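Enquirer: After the structure tokens below, expect a handful of questions from me.
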Amino acid sequence: MSFNIALTGLNAVNEQLDTISHNIANVGTTGFKSSRTEFGSVYADSQAMGVEVIGTTQSISQGGSLVSTGRGLDLAISGGGFFVTKGTNGDISYTRAGVFGTDNANFITNNLGQKVQGYPVDANGNLLVGAIGDLQLQSANLPAKASDTLAFVANLDANETVPTVAPFDPANADTFNSTYTTKVYDSLGKEHTLTQYFVKTGANTWNAHYYADGAAVGGPQALTFTTAGTLATPVGTVNVGFAAPGADPVAIAVDYSGSSQYGSDFVVTTNRASGYAAGEQTGIAVEKDGRVYANYSNGQRMLQGQVVLATFANPNGLNNESGTAWSETAESGQPLLGIPGVGQLGVLAAGALESSNVDLTQQLVGLMEGQRNYQANTKVLSTDKELTQVLFGAI
């Protein structure tokens, strides 16, 4: 009987050593979760029959340290959750290994070719929240966009006086009080200058003269202010347009909302014109909320989609696929999908990866303990053999 009991111990310890060896071999594997062999006693009624392996558990909820890599599509989760990937056969798996790149069709994939899931965008760059699918980056250059709005907020100095020199002449600084130039673009992405000249005409009244590339465009726009210094008119936007050779006419809606007239220096606090020149893609950036942007040489960025994460009621119930990937089971429950940083889902760290959570020191200690257990069971077998030989020798 002792022979069989020791044999069960050898078999169980052998499985434990296999598990420990597997952990040590994957100490450098990104997103790997260490495993532990669980033992249980075997009885036949009240008779002890030895030991057996009742299962192997993974430390899924224990995170590894984050290591910076500098690659834009290397992603790590700081907190709970799993990346969601889909294989070519449609199978969904969940992982913490964020070693991502792009395939020949510009889909974001992992090193196994599985596509990262998230919220895609439509043709206008609007996020399609609720429609989870494959994330694909746009490889085309960003076309030029003509300027059509200008948000302009300034304070006109109430201490200024009406110019004594008339009429207004942009070449004569004595005919205006303040000026400001804004860079705008036509439909071809060519730069133009839109210059505003502010001329005080009376108490709380001003005229704004517009010049595009040095040429007057339209008549002056009257600006009036209340006695409290806030803008009274115009209400809404002012339309300013000019011709652009070889391009569509430029039409800009200037919004003065928030402008003021106080007894302090002329200052522009907001000067935000729409439009930009054409740009080439220079890189990809992922925000901590999972939003993926393409950066362009003209300083613009375009939303490409948003990475989603999954969490489970019982993560330990997931089926282990490879040590770094898991699949849903009845024990784990259905995945709860959401954007990073919401609820129990962690935030993303771009340009970083989550290391294996294997504690090498702990594994080496376990290896030595397993070795001692193995030797002890071997000693039982050796002793049993000797006793048997003595018994037969005495007959």
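How things are named: the first chain in the structure tokens is A, the next is B, and so on; residues count from 1 in each chain; ligands count from 1 in the order shown.
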Residues of segment 273-375 of chain A that approach segment 102-120 of chain A to 8 Å or less, counting only C-alpha atoms: could you list each one with the shortest pair of atoms and its distance in Å to one decimal, rows by chain and increasing residue number, as a Markdown table?

Expert:
```
| residue | atom | partner | partner_atom | distance |
| --- | --- | --- | --- | --- |
| A:Gln304 | CA | A:Pro120 | CA | 6.8 |
| A:Gly305 | CA | A:Pro120 | CA | 4.5 |
| A:Gln306 | CA | A:Tyr119 | CA | 5.0 |
| A:Val307 | CA | A:Gly118 | CA | 4.4 |
| A:Val308 | CA | A:Gly118 | CA | 4.7 |
```

Enquirer: Take the residues just selected and output them with C-alpha atoms as a PDB file, in the first residue's frame.

Expert:
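Here's the written file selection_29.pdb:
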```pdb
ATOM      1  CA  GLN A 304      -9.299  56.163 -35.817  1.00  0.00           C
ATOM      2  CA  GLY A 305     -11.369  54.300 -33.223  1.00  0.00           C
ATOM      3  CA  GLN A 306     -11.439  53.377 -29.553  1.00  0.00           C
ATOM      4  CA  VAL A 307     -10.120  50.226 -27.900  1.00  0.00           C
ATOM      5  CA  VAL A 308     -12.617  48.444 -25.627  1.00  0.00           C
TER       6      VAL A 308
END
```

Enquirer: Any idea what's packed within 8 Å of Lys33 of chain A, counting only C-alpha atoms, ignoring anything in its chain fewer than 4 positions away? Could you give it as a PyMOL selection string?

Expert: chain A and resi 58-60+62+323-324+356-358

Enquirer: Just the residues within 12 Å of Asn316 of chain A, please, counting only C-alpha atoms, with nothing from its chain fewer than 6 positions along; format it as a list in words.

Expert: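 Near neighbours after the sequence-gap exclusion: Lys33, Ser35, Thr56, Thr57, Gln58, Ser59, Ile60, Ser61, Gln62, Trp326, Ser327, Glu328, Thr329, Ala330, Glu331, Ser332 and Gly333 of chain A.
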
Enquirer: Could you give me, as a short mmCIF file (atom, residue, chain, number, x, y, z; two decimals) with N, CA and C atoms, in the first residue's frame, the residues within 10 Å of Ala166 of chain A, counting only C-alpha atoms and dropping anything in the same chain fewer than 6 positions from it?

Expert:
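This went into out.cif:
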```
data_model
loop_
_atom_site.label_atom_id
_atom_site.label_comp_id
_atom_site.auth_asym_id
_atom_site.auth_seq_id
_atom_site.Cartn_x
_atom_site.Cartn_y
_atom_site.Cartn_z
N ASN A 172 -1.20 103.22 -42.68
CA ASN A 172 -0.96 104.33 -41.76
C ASN A 172 -1.47 103.94 -40.38
N ASP A 174 -1.70 105.55 -37.80
CA ASP A 174 -2.44 106.59 -37.09
C ASP A 174 -3.93 106.54 -37.37
N THR A 175 -4.34 105.68 -38.34
CA THR A 175 -5.76 105.63 -38.72
C THR A 175 -6.50 104.46 -38.06
N PHE A 176 -5.82 103.66 -37.26
CA PHE A 176 -6.50 102.56 -36.55
C PHE A 176 -5.87 102.38 -35.18
#
```

Enquirer: Name the residues in contact with segment 232-248 of chain A at a cut-off of 8 Å, using only C-alpha atoms, excluding same-chain residues fewer than 2 positions from it; report them as a ChimeraX atom specification.

Expert: /A:186-188,210,212,217-218,221-226,230,250-257

Enquirer: Counting only C-alpha atoms, which residue out of A:Ala146, A:Leu360, A:Val286, A:Leu367 sits closest to Ser274 of chain A?

Expert: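 Looking only at the distances to Ser274 of chain A, the closest residue turns out to be A:Ala146.
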
Enquirer: Within 7 Å of Asp289 of chain A, counting only C-alpha atoms, which residues show up once you throw out same-chain ones fewer than 2 positions away? Write them as a list in words, please.

Expert: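 Answer for this query is Glu287, Arg291, Ile339, Pro340, Gly341, Val347 and Leu348 of chain A.
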
Enquirer: Export C-alpha atoms of the chosen residues as a PDB file, in the first residue's frame?

Expert:
```pdb
ATOM      1  CA  GLU A 287      -4.922  57.873 -25.216  1.00  0.00           C
ATOM      2  CA  ARG A 291      -8.996  56.471 -28.288  1.00  0.00           C
ATOM      3  CA  ILE A 339     -14.029  51.823 -22.483  1.00  0.00           C
ATOM      4  CA  PRO A 340     -10.826  52.025 -20.411  1.00  0.00           C
ATOM      5  CA  GLY A 341     -11.043  53.974 -17.182  1.00  0.00           C
ATOM      6  CA  VAL A 347      -6.701  52.820 -18.095  1.00  0.00           C
ATOM      7  CA  LEU A 348      -4.351  52.210 -20.995  1.00  0.00           C
TER       8      LEU A 348
END
```

Enquirer: Figure out the distance between atom CA of Leu135 of chain A and atom CA of Gly79 of chain A, please, to one decimal in Å.

Expert: 22.3 Å

Enquirer: Name the closest residue to Pro335 of chain A among the candidates A:Phe82, A:Tyr211, A:Phe312, A:Tyr262; distances are taken between atoms, counting only C-alpha atoms.

Expert: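 Of all the options, A:Phe312 lies closest to Pro335 of chain A.
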
Enquirer: At what distance in Å, to one decimal, does atom CA of Gly28 of chain A lie from atom CA of Leu309 of chain A?

Expert: 23.7 Å

Enquirer: Please return as a ChimeraX atom specification: the residues of segment 46-171 of chain A that backbone DSSP assigns to strand (DSSP E or B).

Expert: /A:47-58,66-68,74-78,80,82-86,92-95,99-102,107-110,115-119,121,127,133-134,136,142,145,149-157

Enquirer: Using only C-alpha atoms, which of the listed residues (A:Glu354, A:Asp265, A:Glu38, A:Asp359) sits closest to Gly98 of chain A?

Expert: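 Result for the nearest residue to Gly98 of chain A: A:Glu354.
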
Enquirer: According to DSSP computed on the backbone, where in segment 7-69 of chain A is there helix (DSSP H, G or I)? Give the residues as a list in words.

Expert: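 Written out, the helix (DSSP H, G or I) residues of segment 7-69 of chain A are Leu7, Thr8, Gly9, Leu10, Asn11, Ala12, Val13, Asn14, Glu15, Gln16, Leu17, Asp18, Thr19, Ile20, Ser21, His22, Asn23, Ile24 and Ala25 of chain A.
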
Enquirer: When you draw a straight line from atom CA of Thr201 of chain A to atom CA of Ala273 of chain A, how long is it in Å?

Expert: 27.0 Å

Enquirer: For each of A:Thr95, A:Thr8, A:Thr270, A:Ser21, take the minimum atom-to-atom distance to Gly40 of chain A, counting only C-alpha atoms, then give the residue where this is smallest.

Expert: A:Thr8
